[in-house]
>>> print(open('start_10.txt').read())   # compact mmCIF, C-alpha atoms and all ligand atoms
# COMPACT_ATOMS: atom_id res chain seq x y z
CA MET A 28 10.65 26.42 36.95
CA THR A 29 7.91 28.59 38.42
CA GLY A 30 4.35 28.18 37.18
CA SER A 31 4.35 31.64 35.55
CA HIS A 32 4.91 30.42 31.99
CA PRO A 33 1.93 29.44 29.83
CA ARG A 34 1.32 25.71 29.63
CA LYS A 35 2.40 24.03 26.39
CA SER A 36 1.07 20.87 24.86
CA LYS A 37 3.70 18.13 25.29
CA THR A 38 3.05 16.84 21.79
CA SER A 39 2.57 18.44 18.39
CA SER A 40 -0.80 19.24 16.89
CA LYS A 41 0.23 17.10 13.90
CA THR A 42 0.31 13.95 16.01
CA SER A 43 -2.93 14.83 17.77
CA ARG A 44 -4.67 15.07 14.37
CA LEU A 45 -3.84 11.42 13.73
CA SER A 46 -5.12 8.29 15.40
CA GLU A 47 -3.13 5.11 15.89
CA SER A 48 -3.06 2.66 12.96
CA VAL A 49 -6.24 0.58 13.16
CA ILE A 50 -4.60 -2.21 11.15
CA ARG A 51 -1.83 -2.62 13.74
CA GLU A 52 -4.43 -2.40 16.54
CA MET A 53 -6.41 -5.25 14.95
CA THR A 54 -3.21 -7.28 14.65
CA ARG A 55 -2.56 -6.88 18.39
CA MET A 56 -6.16 -7.91 19.08
CA ALA A 57 -5.72 -10.97 16.81
CA THR A 58 -2.76 -12.07 18.94
CA ARG A 59 -4.66 -11.49 22.20
CA TYR A 60 -7.65 -13.61 21.12
CA ASP A 61 -5.65 -16.17 19.13
CA ALA A 62 -7.53 -15.17 15.97
CA LEU A 63 -6.37 -15.81 12.41
CA ASN A 64 -4.93 -12.48 11.28
CA LEU A 65 -6.65 -11.61 8.02
CA ALA A 66 -6.37 -7.97 9.08
CA GLN A 67 -2.79 -7.03 8.21
CA GLY A 68 -1.61 -7.48 4.63
CA PHE A 69 1.37 -9.71 5.18
CA PRO A 70 1.74 -13.29 3.96
CA ASP A 71 2.00 -16.15 6.47
CA PHE A 72 4.06 -18.27 4.07
CA PRO A 73 7.83 -18.08 3.54
CA ALA A 74 9.79 -15.93 1.13
CA PRO A 75 11.43 -17.70 -1.87
CA SER A 76 14.46 -19.54 -0.48
CA SER A 77 16.85 -18.12 -3.11
CA VAL A 78 15.91 -14.60 -1.96
CA LYS A 79 16.49 -15.53 1.69
CA GLN A 80 19.85 -17.06 0.78
CA ALA A 81 20.83 -13.83 -0.99
CA ALA A 82 20.26 -11.92 2.27
CA VAL A 83 22.31 -14.43 4.27
CA ARG A 84 25.08 -14.21 1.68
CA ALA A 85 25.09 -10.41 1.90
CA ILE A 86 25.54 -10.47 5.68
CA LYS A 87 28.35 -13.03 5.34
CA GLN A 88 29.97 -10.82 2.73
CA ASP A 89 29.84 -7.96 5.25
CA TYR A 90 27.22 -5.70 3.77
CA ASN A 91 26.68 -4.57 7.33
CA GLN A 92 27.40 -0.83 7.31
CA TYR A 93 25.49 2.14 5.94
CA SER A 94 24.94 1.99 2.20
CA VAL A 95 25.07 5.03 -0.05
CA THR A 96 22.20 7.06 1.41
CA TRP A 97 19.97 6.85 -1.69
CA GLY A 98 20.58 3.14 -2.18
CA SER A 99 23.29 0.68 -3.17
CA PRO A 100 24.37 1.20 -6.81
CA ASP A 101 23.54 -2.39 -7.75
CA LEU A 102 20.01 -2.18 -6.31
CA ARG A 103 19.34 1.11 -8.09
CA LYS A 104 20.54 -0.52 -11.31
CA ALA A 105 18.25 -3.53 -10.72
CA ILE A 106 15.29 -1.19 -10.03
CA SER A 107 16.00 0.71 -13.23
CA GLU A 108 16.22 -2.55 -15.25
CA LYS A 109 12.91 -3.78 -13.83
CA ALA A 110 11.21 -0.39 -14.31
CA GLY A 111 12.27 -0.66 -17.95
CA TRP A 112 11.04 -4.15 -18.80
CA PHE A 113 7.99 -4.25 -16.54
CA ASN A 114 6.68 -0.71 -16.16
CA GLY A 115 8.00 0.85 -19.37
CA ILE A 116 9.66 3.63 -17.32
CA HIS A 117 13.16 4.76 -18.26
CA ALA A 118 14.93 5.66 -15.01
CA ASP A 119 18.54 6.78 -14.63
CA PRO A 120 19.77 4.81 -11.59
CA ALA A 121 22.25 7.57 -10.69
CA ARG A 122 19.82 10.49 -10.70
CA GLU A 123 16.25 9.20 -10.63
CA VAL A 124 16.07 6.21 -8.26
CA THR A 125 16.04 6.39 -4.44
CA VAL A 126 15.90 3.36 -2.15
CA THR A 127 13.85 3.87 1.03
CA CYS A 128 12.76 1.95 4.14
CA GLY A 129 9.72 0.41 2.47
CA SER A 130 7.24 2.15 0.25
CA THR A 131 5.78 3.60 3.45
CA GLU A 132 8.86 5.79 3.87
CA ALA A 133 8.90 6.42 0.11
CA MET A 134 5.37 7.91 0.35
CA MET A 135 6.19 9.97 3.46
CA ALA A 136 9.49 11.27 2.03
CA SER A 137 7.86 12.10 -1.32
CA ILE A 138 4.95 14.04 0.12
CA ILE A 139 7.20 15.93 2.57
CA ALA A 140 9.53 16.73 -0.35
CA LEU A 141 6.67 18.00 -2.53
CA ALA A 142 4.04 19.63 -0.31
CA GLU A 143 3.96 22.13 2.54
CA THR A 144 1.64 24.35 4.56
CA GLY A 145 -1.07 25.81 2.34
CA ASP A 146 -0.84 23.00 -0.21
CA GLU A 147 -3.53 20.40 -0.76
CA VAL A 148 -2.89 16.69 -1.28
CA ILE A 149 -5.69 14.80 -3.02
CA ILE A 150 -6.30 11.31 -1.69
CA LEU A 151 -8.73 8.99 -3.47
CA GLU A 152 -10.84 7.17 -0.91
CA PRO A 153 -11.10 4.52 0.38
CA ALA A 154 -7.33 4.67 0.81
CA TYR A 155 -4.47 2.85 2.48
CA GLU A 156 -4.02 4.48 5.86
CA ASN A 157 -0.55 6.03 5.50
CA TYR A 158 -1.37 8.66 2.85
CA ARG A 159 -3.26 11.04 5.13
CA PRO A 160 -0.53 11.03 7.83
CA SER A 161 2.06 11.74 5.12
CA ALA A 162 0.14 14.88 4.09
CA VAL A 163 -0.36 15.92 7.73
CA PHE A 164 3.35 15.50 8.57
CA ALA A 165 4.17 17.65 5.52
CA GLY A 166 1.92 20.36 7.04
CA ALA A 167 -0.35 20.13 3.97
CA THR A 168 -4.10 19.56 3.89
CA PRO A 169 -5.33 16.11 2.85
CA VAL A 170 -8.35 16.40 0.52
CA PRO A 171 -10.36 13.18 0.22
CA VAL A 172 -12.06 12.44 -3.12
CA PRO A 173 -14.39 9.42 -3.22
CA LEU A 174 -13.77 6.70 -5.79
CA GLY A 175 -16.84 5.45 -7.69
CA GLU A 176 -19.17 2.59 -6.81
CA ASP A 177 -16.76 0.05 -8.31
CA PHE A 178 -13.76 1.96 -6.93
CA GLU A 179 -13.04 3.56 -10.31
CA ILE A 180 -11.46 7.03 -10.53
CA VAL A 181 -14.32 9.42 -11.35
CA GLU A 182 -13.01 12.28 -13.48
CA GLU A 183 -15.79 14.70 -12.51
CA ARG A 184 -15.12 14.22 -8.80
CA LEU A 185 -11.41 14.82 -9.31
CA LYS A 186 -12.12 17.91 -11.42
CA ASP A 187 -14.22 19.33 -8.59
CA ALA A 188 -11.35 18.80 -6.13
CA PHE A 189 -8.42 20.19 -8.15
CA ASN A 190 -7.71 23.89 -7.63
CA SER A 191 -4.78 26.30 -7.51
CA ARG A 192 -3.69 24.99 -4.08
CA THR A 193 -3.55 21.33 -5.24
CA LYS A 194 0.08 20.19 -5.19
CA VAL A 195 -0.04 16.42 -5.15
CA VAL A 196 -2.49 13.66 -6.04
CA VAL A 197 -1.91 10.18 -4.64
CA VAL A 198 -2.88 7.27 -6.89
CA ASN A 199 -2.82 3.63 -5.79
CA THR A 200 -3.20 0.83 -8.32
CA PRO A 201 -3.73 -2.11 -7.87
CA HIS A 202 -5.79 -0.70 -5.06
CA ASN A 203 -5.82 -1.43 -1.37
CA PRO A 204 -8.45 -2.00 0.08
CA SER A 205 -10.74 -2.73 -2.92
CA GLY A 206 -8.53 -4.74 -5.33
CA ARG A 207 -9.48 -2.44 -8.23
CA VAL A 208 -6.94 -2.03 -11.05
CA ALA A 209 -7.12 1.44 -12.63
CA THR A 210 -7.65 1.55 -16.39
CA GLU A 211 -5.49 3.53 -18.77
CA ALA A 212 -8.43 5.91 -19.43
CA GLU A 213 -8.79 6.66 -15.70
CA LEU A 214 -5.06 7.33 -15.40
CA ARG A 215 -5.21 9.56 -18.46
CA ALA A 216 -7.83 11.70 -16.70
CA VAL A 217 -5.49 12.07 -13.71
CA ALA A 218 -2.62 12.95 -16.06
CA ASP A 219 -4.67 15.67 -17.79
CA LEU A 220 -5.60 17.28 -14.48
CA CYS A 221 -1.99 17.13 -13.22
CA GLU A 222 -0.86 18.93 -16.36
CA ASP A 223 -3.68 21.50 -16.23
CA TYR A 224 -3.01 22.36 -12.58
CA ASP A 225 0.78 21.85 -12.63
CA CYS A 226 0.68 19.10 -9.98
CA VAL A 227 2.74 16.03 -9.20
CA ALA A 228 1.23 12.55 -8.95
CA VAL A 229 2.63 10.13 -6.39
CA THR A 230 1.71 6.57 -7.33
CA ASP A 231 1.73 3.61 -4.97
CA GLU A 232 2.28 0.55 -7.18
CA ILE A 233 3.31 -1.92 -4.48
CA TYR A 234 0.87 -4.57 -5.83
CA GLU A 235 1.94 -4.08 -9.48
CA HIS A 236 2.73 -7.79 -9.99
CA ILE A 237 -0.53 -9.05 -8.46
CA VAL A 238 -3.17 -8.56 -11.19
CA TYR A 239 -5.75 -11.10 -12.35
CA ASP A 240 -7.67 -12.36 -15.35
CA GLY A 241 -5.13 -11.19 -17.92
CA ARG A 242 -5.26 -7.53 -16.85
CA ARG A 243 -2.20 -5.34 -17.29
CA HIS A 244 -0.79 -2.98 -14.69
CA VAL A 245 -0.30 0.51 -16.15
CA SER A 246 2.12 2.98 -14.56
CA LEU A 247 0.91 6.58 -14.62
CA ALA A 248 4.47 7.75 -15.43
CA THR A 249 4.17 6.12 -18.88
CA ILE A 250 1.17 8.23 -19.89
CA GLY A 251 1.81 11.39 -21.94
CA ASP A 252 4.46 13.58 -20.30
CA MET A 253 3.75 12.27 -16.81
CA ALA A 254 7.32 10.94 -16.30
CA ALA A 255 8.25 14.58 -15.59
CA ARG A 256 5.61 14.97 -12.87
CA THR A 257 5.20 11.54 -11.30
CA VAL A 258 6.87 9.86 -8.35
CA THR A 259 6.50 6.12 -8.94
CA ILE A 260 6.66 4.15 -5.71
CA SER A 261 7.02 0.42 -5.25
CA GLY A 262 8.95 -2.04 -3.12
CA ILE A 263 9.76 -5.66 -2.46
CA SER A 264 7.46 -6.30 0.55
CA LYS A 265 4.52 -7.87 -1.25
CA THR A 266 6.06 -9.36 -4.40
CA TYR A 267 8.73 -11.37 -2.55
CA THR A 268 6.91 -11.98 0.77
CA VAL A 269 9.39 -9.90 2.80
CA THR A 270 7.32 -7.16 4.46
CA GLY A 271 9.78 -7.02 7.40
CA TRP A 272 12.82 -6.25 5.27
CA ARG A 273 11.74 -2.65 4.68
CA ILE A 274 12.96 -2.02 1.14
CA GLY A 275 11.02 0.34 -1.12
CA TYR A 276 11.92 2.93 -3.70
CA THR A 277 10.93 6.04 -5.62
CA ILE A 278 11.48 6.83 -9.29
CA ALA A 279 11.23 10.50 -10.25
CA GLU A 280 12.95 13.06 -12.47
CA PRO A 281 16.19 14.51 -10.98
CA GLU A 282 14.82 17.72 -9.39
CA ILE A 283 12.11 15.82 -7.51
CA THR A 284 14.53 12.99 -6.70
CA ASN A 285 17.01 15.46 -5.15
CA ALA A 286 14.30 16.76 -2.83
CA ILE A 287 13.16 13.23 -1.88
CA ARG A 288 16.77 12.20 -1.20
CA LYS A 289 17.23 15.05 1.29
CA VAL A 290 14.15 14.02 3.28
CA HIS A 291 15.13 10.35 3.11
CA ASP A 292 18.74 11.02 4.18
CA TYR A 293 17.79 13.05 7.27
CA MET A 294 14.95 10.72 8.17
CA THR A 295 16.58 7.28 7.90
CA VAL A 296 20.11 7.63 6.34
CA CYS A 297 19.61 4.42 4.36
CA ALA A 298 17.54 1.26 4.00
CA PRO A 299 18.95 -1.97 5.56
CA ALA A 300 22.17 -2.73 3.65
CA PRO A 301 22.10 -6.56 3.43
CA PHE A 302 18.45 -6.55 2.37
CA GLN A 303 19.28 -4.08 -0.39
CA GLU A 304 21.67 -6.69 -1.84
CA ALA A 305 19.00 -9.37 -1.56
CA ALA A 306 16.46 -7.03 -3.18
CA ALA A 307 18.76 -6.59 -6.18
CA PHE A 308 18.86 -10.38 -6.48
CA ALA A 309 15.07 -10.67 -6.12
CA LEU A 310 14.33 -8.02 -8.74
CA ARG A 311 16.32 -10.08 -11.25
CA LEU A 312 14.38 -13.31 -10.73
CA PRO A 313 13.21 -14.85 -14.00
CA ARG A 314 10.01 -13.35 -15.40
CA SER A 315 8.18 -16.64 -14.87
CA PHE A 316 8.32 -15.87 -11.12
CA TYR A 317 5.92 -12.95 -11.60
CA SER A 318 3.38 -14.83 -13.69
CA SER A 319 3.34 -17.69 -11.13
CA LEU A 320 2.85 -15.16 -8.33
CA ALA A 321 -0.20 -13.59 -10.01
CA LYS A 322 -1.63 -17.04 -10.85
CA GLU A 323 -1.22 -18.23 -7.28
CA TYR A 324 -3.00 -15.17 -5.83
CA GLN A 325 -5.75 -15.47 -8.45
CA ARG A 326 -6.37 -19.03 -7.23
CA LYS A 327 -6.57 -17.76 -3.63
CA ARG A 328 -8.93 -14.97 -4.69
CA ASP A 329 -11.22 -17.44 -6.47
CA TYR A 330 -11.43 -19.67 -3.42
CA PHE A 331 -11.82 -16.95 -0.80
CA ALA A 332 -14.19 -14.71 -2.78
CA GLY A 333 -16.41 -17.74 -3.52
CA ALA A 334 -16.51 -18.66 0.17
CA LEU A 335 -17.28 -15.09 1.33
CA HIS A 336 -20.15 -14.87 -1.18
CA GLU A 337 -21.57 -18.14 0.16
CA ILE A 338 -21.40 -16.83 3.72
CA GLY A 339 -23.33 -13.69 2.73
CA PHE A 340 -20.80 -10.89 2.26
CA GLY A 341 -21.20 -8.53 -0.70
CA PHE A 342 -18.17 -7.03 -2.47
CA PHE A 343 -16.41 -5.87 -5.60
CA GLU A 344 -14.49 -8.86 -6.98
CA PRO A 345 -10.77 -7.97 -6.74
CA GLU A 346 -8.93 -7.45 -10.05
CA GLY A 347 -5.56 -7.26 -8.30
CA ALA A 348 -3.77 -6.88 -4.91
CA TYR A 349 -4.90 -9.32 -2.19
CA TYR A 350 -7.78 -7.75 -0.28
CA ILE A 351 -11.54 -7.96 -0.25
CA LEU A 352 -13.50 -4.99 1.06
CA ALA A 353 -16.70 -6.72 2.09
CA ASP A 354 -20.13 -5.36 3.01
CA PHE A 355 -21.54 -7.28 5.99
CA SER A 356 -24.97 -5.60 6.21
CA GLU A 357 -26.76 -8.84 5.24
CA LEU A 358 -25.10 -10.55 8.20
CA SER A 359 -25.14 -8.00 11.00
CA ARG A 360 -26.50 -4.60 11.99
CA LYS A 361 -23.39 -3.75 14.04
CA ASP A 362 -21.13 -0.90 12.95
CA ASP A 363 -17.77 -1.76 11.36
CA HIS A 364 -15.75 -1.47 14.60
CA LYS A 365 -18.12 -3.62 16.66
CA PHE A 366 -18.38 -6.13 13.82
CA ALA A 367 -14.56 -6.33 13.43
CA VAL A 368 -14.11 -6.76 17.19
CA SER A 369 -16.70 -9.55 17.38
CA MET A 370 -15.16 -11.21 14.31
CA THR A 371 -11.81 -11.16 16.12
CA LYS A 372 -12.96 -12.15 19.63
CA ASP A 373 -15.87 -14.50 18.94
CA CYS A 374 -15.29 -15.84 15.40
CA ARG A 375 -11.50 -15.60 15.82
CA VAL A 376 -10.89 -14.20 12.33
CA ALA A 377 -9.36 -10.71 12.50
CA VAL A 378 -10.42 -8.11 9.91
CA VAL A 379 -10.02 -4.34 9.54
CA PRO A 380 -13.00 -2.00 10.10
CA GLY A 381 -13.96 -0.24 6.85
CA SER A 382 -14.03 3.28 8.30
CA SER A 383 -10.24 3.18 8.80
CA PHE A 384 -9.84 3.63 5.03
CA TYR A 385 -11.68 6.98 5.10
CA GLY A 386 -10.70 10.36 6.56
CA GLU A 387 -14.26 10.78 7.82
CA SER A 388 -15.19 8.13 10.37
CA THR A 389 -18.84 8.11 9.23
CA LYS A 390 -17.87 6.32 6.01
CA GLY A 391 -17.28 2.58 5.50
CA LYS A 392 -19.49 1.67 8.48
CA THR A 393 -20.86 -1.52 6.86
CA LEU A 394 -17.49 -2.66 5.50
CA VAL A 395 -14.57 -4.76 6.70
CA ARG A 396 -11.38 -5.66 4.86
CA PHE A 397 -10.04 -9.20 4.57
CA SER A 398 -6.51 -9.99 3.40
CA TYR A 399 -6.14 -13.33 1.59
CA SER A 400 -2.34 -13.29 1.38
CA LYS A 401 -2.37 -16.44 3.49
CA LYS A 402 -1.61 -20.14 3.20
CA ASP A 403 -4.47 -22.23 1.79
CA SER A 404 -4.76 -23.94 5.18
CA THR A 405 -5.19 -20.55 6.94
CA LEU A 406 -7.87 -19.46 4.47
CA LYS A 407 -9.70 -22.80 4.83
CA GLU A 408 -9.67 -22.55 8.60
CA ALA A 409 -10.89 -18.92 8.43
CA VAL A 410 -13.77 -19.99 6.16
CA ALA A 411 -14.66 -22.89 8.50
CA ARG A 412 -14.71 -20.54 11.51
CA MET A 413 -16.92 -18.01 9.69
CA GLU A 414 -19.31 -20.72 8.49
CA ARG A 415 -19.72 -21.94 12.07
CA TYR A 416 -20.08 -18.40 13.44
CA PHE A 417 -22.58 -17.04 10.92
CA ARG A 418 -24.67 -20.19 10.60
CA ALA A 419 -24.97 -20.71 14.34
N1 LIG B 501 1.09 0.68 0.09
C1 LIG B 501 0.00 -0.09 0.15
C2 LIG B 501 -1.14 0.19 -0.76
C3 LIG B 501 -0.05 -1.15 1.07
O1 LIG B 501 -1.13 -1.92 1.13
C4 LIG B 501 1.05 -1.38 1.93
C5 LIG B 501 1.03 -2.46 2.93
O2 LIG B 501 0.04 -3.02 3.26
C6 LIG B 501 2.17 -0.56 1.81
C7 LIG B 501 2.15 0.47 0.89
C8 LIG B 501 3.36 -0.74 2.68
O3 LIG B 501 4.43 -1.22 1.93
P1 LIG B 501 5.91 -1.30 2.50
O4 LIG B 501 6.04 -2.58 3.24
O5 LIG B 501 6.76 -1.28 1.27
O6 LIG B 501 6.13 -0.11 3.36
>>> encode(input="start_10.txt", output="structure tokens")
Amino acid sequence: MTGSHPRKSKTSSKTSRLSESVIREMTRMATRYDALNLAQGFPDFPAPSSVKQAAVRAIKQDYNQYSVTWGSPDLRKAISEKAGWFNGIHADPAREVTVTCGSTEAMMASIIALAETGDEVIILEPAYENYRPSAVFAGATPVPVPLGEDFEIVEERLKDAFNSRTKVVVVNTPHNPSGRVATEAELRAVADLCEDYDCVAVTDEIYEHIVYDGRRHVSLATIGDMAARTVTISGISKTYTVTGWRIGYTIAEPEITNAIRKVHDYMTVCAPAPFQEAAAFALRLPRSFYSSLAKEYQRKRDYFAGALHEIGFGFFEPEGAYYILADFSELSRKDDHKFAVSMTKDCRVAVVPGSSFYGESTKGKTLVRFSYSKKDSTLKEAVARMERYFRA
């Protein structure tokens, strides 16, 4: 070709608006410096052996080809059963449930199915880092709305953000990175605004089984008429310690589900077939499994939160999920990136810089996020390393 044509950018403006995942970057740094990885939210202990055996069985039984694109019938039935007894959501497995490659794909497929150029997607901040990219890939505009001091949903702030262009609001409870569990009153405020402005809520409920101190997880879809305008997202990654299996799902009324299924089909065809069979098995574990899970994480929270307080971090005590978003300003005057890098290289405990949970990089500068979804021995060693490092 001659040089007479105008130069084009090799990549799209959508990708240039996004930076690489900071959580994955911190994980790579943890490996390089042999640090304990309290950055990425995956457990370092094994999945329940009966769940692993179910996956092995499925491969032996030759569940090795594409499944039905929106999910194996048995898994959709198991999701619908669990949504009924646990969430109080009545979902038709044939028309309202879609199985995706993790809740990450569920969020991306939902937002692409719902929003487009000119639409606004409200994201409550701090927020898990995949919501903003989902809005950007849809061509929509992400609109950050700050949560309150204790990470509560502040109705007035939401009211100020909603307008005629608002199409979607993303709600995450139990919340990553703060561990806050939204109350029914807060969710009711979101529901009222969705109805007033004719919007759809997309809820990320991946930590729904990890709630502490007798709290109850409430699904937004069960409030008022929200079942008609909510996409409920969850998955098996966190509950069954299988983040690498990539099984998530959406529950939504048929018109929305049809749109999500189109995006999902063209994007990934289907979620991994043998793991879908194992997921159906896992979702039917006895209910005692879920209460033990919450109890076990509550014990880890008590230990780790106590230790971080002793060391000098300040934070909101998690009510659910398995993260602590900690203020380190009593310990260091560094910014969040420098502090996270020195924690990883010098203290050898990897954490995530707080600003990565905000669209604006000026926010979260005195915060880092710890994940305590780790073996007791890992948490103990992390505490010992921090005690040595900060008391030196
Ligand atoms: N949503 C939240 C709030 C998360 O914290 C995470 C993982 O850390 C995910 C979604 C990803 O879940 P999945 O493995 O199902 O894609």
>>> atom_distance(input="start_10.txt", atom1="atom CA of A:Thr405", atom2="atom CA of A:Gly271")
20.2 Å
>>> closest_atom_pairs(input="start_10.txt", of="chain A", to="ligand LIG 501 (chain B)", cutoff="9 Å", atoms="only C-alpha atoms and all ligand atoms", output="tab-separated table")
residue	atom	partner	partner_atom	distance
A:Gln67	CA	B:LIG501	O2	7.0
A:Gly68	CA	B:LIG501	O2	4.9
A:Phe69	CA	B:LIG501	O2	7.1
A:Thr127	CA	B:LIG501	O5	8.8
A:Cys128	CA	B:LIG501	O6	7.0
A:Gly129	CA	B:LIG501	O5	3.6
A:Ser130	CA	B:LIG501	O5	3.6
A:Thr131	CA	B:LIG501	O6	3.7
A:Glu132	CA	B:LIG501	O6	6.5
A:Ala133	CA	B:LIG501	O6	7.8
A:Met134	CA	B:LIG501	C7	8.1
A:Ala154	CA	B:LIG501	C2	7.8
A:Tyr155	CA	B:LIG501	C2	5.4
A:Glu156	CA	B:LIG501	C1	8.3
A:Asn157	CA	B:LIG501	C7	7.7
A:Tyr158	CA	B:LIG501	N1	8.8
A:Asn199	CA	B:LIG501	C2	6.3
A:Thr200	CA	B:LIG501	C2	7.9
A:Pro201	CA	B:LIG501	C2	7.9
A:His202	CA	B:LIG501	C2	6.4
A:Asn203	CA	B:LIG501	C2	5.0
A:Pro204	CA	B:LIG501	O1	7.4
A:Asp231	CA	B:LIG501	N1	5.9
A:Glu232	CA	B:LIG501	C2	7.3
A:Ile233	CA	B:LIG501	N1	5.7
A:Tyr234	CA	B:LIG501	C2	7.2
A:Ile260	CA	B:LIG501	N1	8.8
A:Ser261	CA	B:LIG501	O5	6.7
A:Gly262	CA	B:LIG501	O5	5.0
A:Ile263	CA	B:LIG501	O5	6.5
A:Ser264	CA	B:LIG501	O4	4.8
A:Lys265	CA	B:LIG501	O4	7.1
A:Val269	CA	B:LIG501	O4	8.1
A:Thr270	CA	B:LIG501	O4	4.9
A:Gly271	CA	B:LIG501	O4	7.1
A:Trp272	CA	B:LIG501	O4	8.0
A:Arg273	CA	B:LIG501	O4	5.9
A:Ile274	CA	B:LIG501	O5	6.2
A:Gly275	CA	B:LIG501	O5	5.1
A:Tyr276	CA	B:LIG501	O5	8.3
A:Ala348	CA	B:LIG501	O1	8.2
A:Tyr349	CA	B:LIG501	O1	8.9
A:Tyr350	CA	B:LIG501	O1	9.0
>>> write_last_selection(input="start_10.txt", atoms="C-alpha atoms", output="PDB file, keeping the file's coordinate frame")
ATOM      1  CA  GLN A  67      -2.790  -7.030   8.210  1.00  0.00           C
ATOM      2  CA  GLY A  68      -1.610  -7.480   4.630  1.00  0.00           C
ATOM      3  CA  PHE A  69       1.370  -9.710   5.180  1.00  0.00           C
ATOM      4  CA  THR A 127      13.850   3.870   1.030  1.00  0.00           C
ATOM      5  CA  CYS A 128      12.760   1.950   4.140  1.00  0.00           C
ATOM      6  CA  GLY A 129       9.720   0.410   2.470  1.00  0.00           C
ATOM      7  CA  SER A 130       7.240   2.150   0.250  1.00  0.00           C
ATOM      8  CA  THR A 131       5.780   3.600   3.450  1.00  0.00           C
ATOM      9  CA  GLU A 132       8.860   5.790   3.870  1.00  0.00           C
ATOM     10  CA  ALA A 133       8.900   6.420   0.110  1.00  0.00           C
ATOM     11  CA  MET A 134       5.370   7.910   0.350  1.00  0.00           C
ATOM     12  CA  ALA A 154      -7.330   4.670   0.810  1.00  0.00           C
ATOM     13  CA  TYR A 155      -4.470   2.850   2.480  1.00  0.00           C
ATOM     14  CA  GLU A 156      -4.020   4.480   5.860  1.00  0.00           C
ATOM     15  CA  ASN A 157      -0.550   6.030   5.500  1.00  0.00           C
ATOM     16  CA  TYR A 158      -1.370   8.660   2.850  1.00  0.00           C
ATOM     17  CA  ASN A 199      -2.820   3.630  -5.790  1.00  0.00           C
ATOM     18  CA  THR A 200      -3.200   0.830  -8.320  1.00  0.00           C
ATOM     19  CA  PRO A 201      -3.730  -2.110  -7.870  1.00  0.00           C
ATOM     20  CA  HIS A 202      -5.790  -0.700  -5.060  1.00  0.00           C
ATOM     21  CA  ASN A 203      -5.820  -1.430  -1.370  1.00  0.00           C
ATOM     22  CA  PRO A 204      -8.450  -2.000   0.080  1.00  0.00           C
ATOM     23  CA  ASP A 231       1.730   3.610  -4.970  1.00  0.00           C
ATOM     24  CA  GLU A 232       2.280   0.550  -7.180  1.00  0.00           C
ATOM     25  CA  ILE A 233       3.310  -1.920  -4.480  1.00  0.00           C
ATOM     26  CA  TYR A 234       0.870  -4.570  -5.830  1.00  0.00           C
ATOM     27  CA  ILE A 260       6.660   4.150  -5.710  1.00  0.00           C
ATOM     28  CA  SER A 261       7.020   0.420  -5.250  1.00  0.00           C
ATOM     29  CA  GLY A 262       8.950  -2.040  -3.120  1.00  0.00           C
ATOM     30  CA  ILE A 263       9.760  -5.660  -2.460  1.00  0.00           C
ATOM     31  CA  SER A 264       7.460  -6.300   0.550  1.00  0.00           C
ATOM     32  CA  LYS A 265       4.520  -7.870  -1.250  1.00  0.00           C
ATOM     33  CA  VAL A 269       9.390  -9.900   2.800  1.00  0.00           C
ATOM     34  CA  THR A 270       7.320  -7.160   4.460  1.00  0.00           C
ATOM     35  CA  GLY A 271       9.780  -7.020   7.400  1.00  0.00           C
ATOM     36  CA  TRP A 272      12.820  -6.250   5.270  1.00  0.00           C
ATOM     37  CA  ARG A 273      11.740  -2.650   4.680  1.00  0.00           C
ATOM     38  CA  ILE A 274      12.960  -2.020   1.140  1.00  0.00           C
ATOM     39  CA  GLY A 275      11.020   0.340  -1.120  1.00  0.00           C
ATOM     40  CA  TYR A 276      11.920   2.930  -3.700  1.00  0.00           C
ATOM     41  CA  ALA A 348      -3.770  -6.880  -4.910  1.00  0.00           C
ATOM     42  CA  TYR A 349      -4.900  -9.320  -2.190  1.00  0.00           C
ATOM     43  CA  TYR A 350      -7.780  -7.750  -0.280  1.00  0.00           C
TER      44      TYR A 350
END
>>> atom_distance(input="start_10.txt", atom1="atom CA of A:Glu182", atom2="atom CA of A:Leu214")
9.6 Å
>>> atom_distance(input="start_10.txt", atom1="atom CA of A:Val245", atom2="atom CA of A:Val78")
26.3 Å
>>> closest_atom_pairs(input="start_10.txt", of="stretch 81-171 of chain A", to="stretch 176-180 of chain A", cutoff="9 Å", atoms="all atoms listed in the file", output="JSON lines")
{"residue": "A:Leu151", "atom": "CA", "partner": "A:Ile180", "partner_atom": "CA", "distance": 7.8}
{"residue": "A:Glu152", "atom": "CA", "partner": "A:Phe178", "partner_atom": "CA", "distance": 8.5}
{"residue": "A:Pro153", "atom": "CA", "partner": "A:Phe178", "partner_atom": "CA", "distance": 8.2}
>>> closest_atom_pairs(input="start_10.txt", of="stretch 188-218 of chain A", to="stretch 250-254 of chain A", cutoff="9 Å", atoms="all atoms listed in the file", output="tab-separated table")
residue	atom	partner	partner_atom	distance
A:Glu211	CA	A:Ile250	CA	8.2
A:Leu214	CA	A:Ile250	CA	7.7
A:Arg215	CA	A:Ile250	CA	6.7
A:Ala218	CA	A:Met253	CA	6.4
>>> residues_near_point(input="start_10.txt", point="(-13.1, -14.9, 15.6)", cutoff="12 Å", atoms="all atoms listed in the file", output="ChimeraX atom specification")
/A:53,56-66,366-378,408-417
>>> closest_residue(input="start_10.txt", among="A:Ile237, A:Gly347, A:Ser356, A:Lys402", to="A:Ser318", atoms="all atoms listed in the file")
A:Ile237
>>> residues_near_point(input="start_10.txt", point="(14.0, 8.0, -1.6)", cutoff="7 Å", atoms="all atoms listed in the file", output="PyMOL selection string")
chain A and resi 97+125-127+133+136+276-277+287-288+291
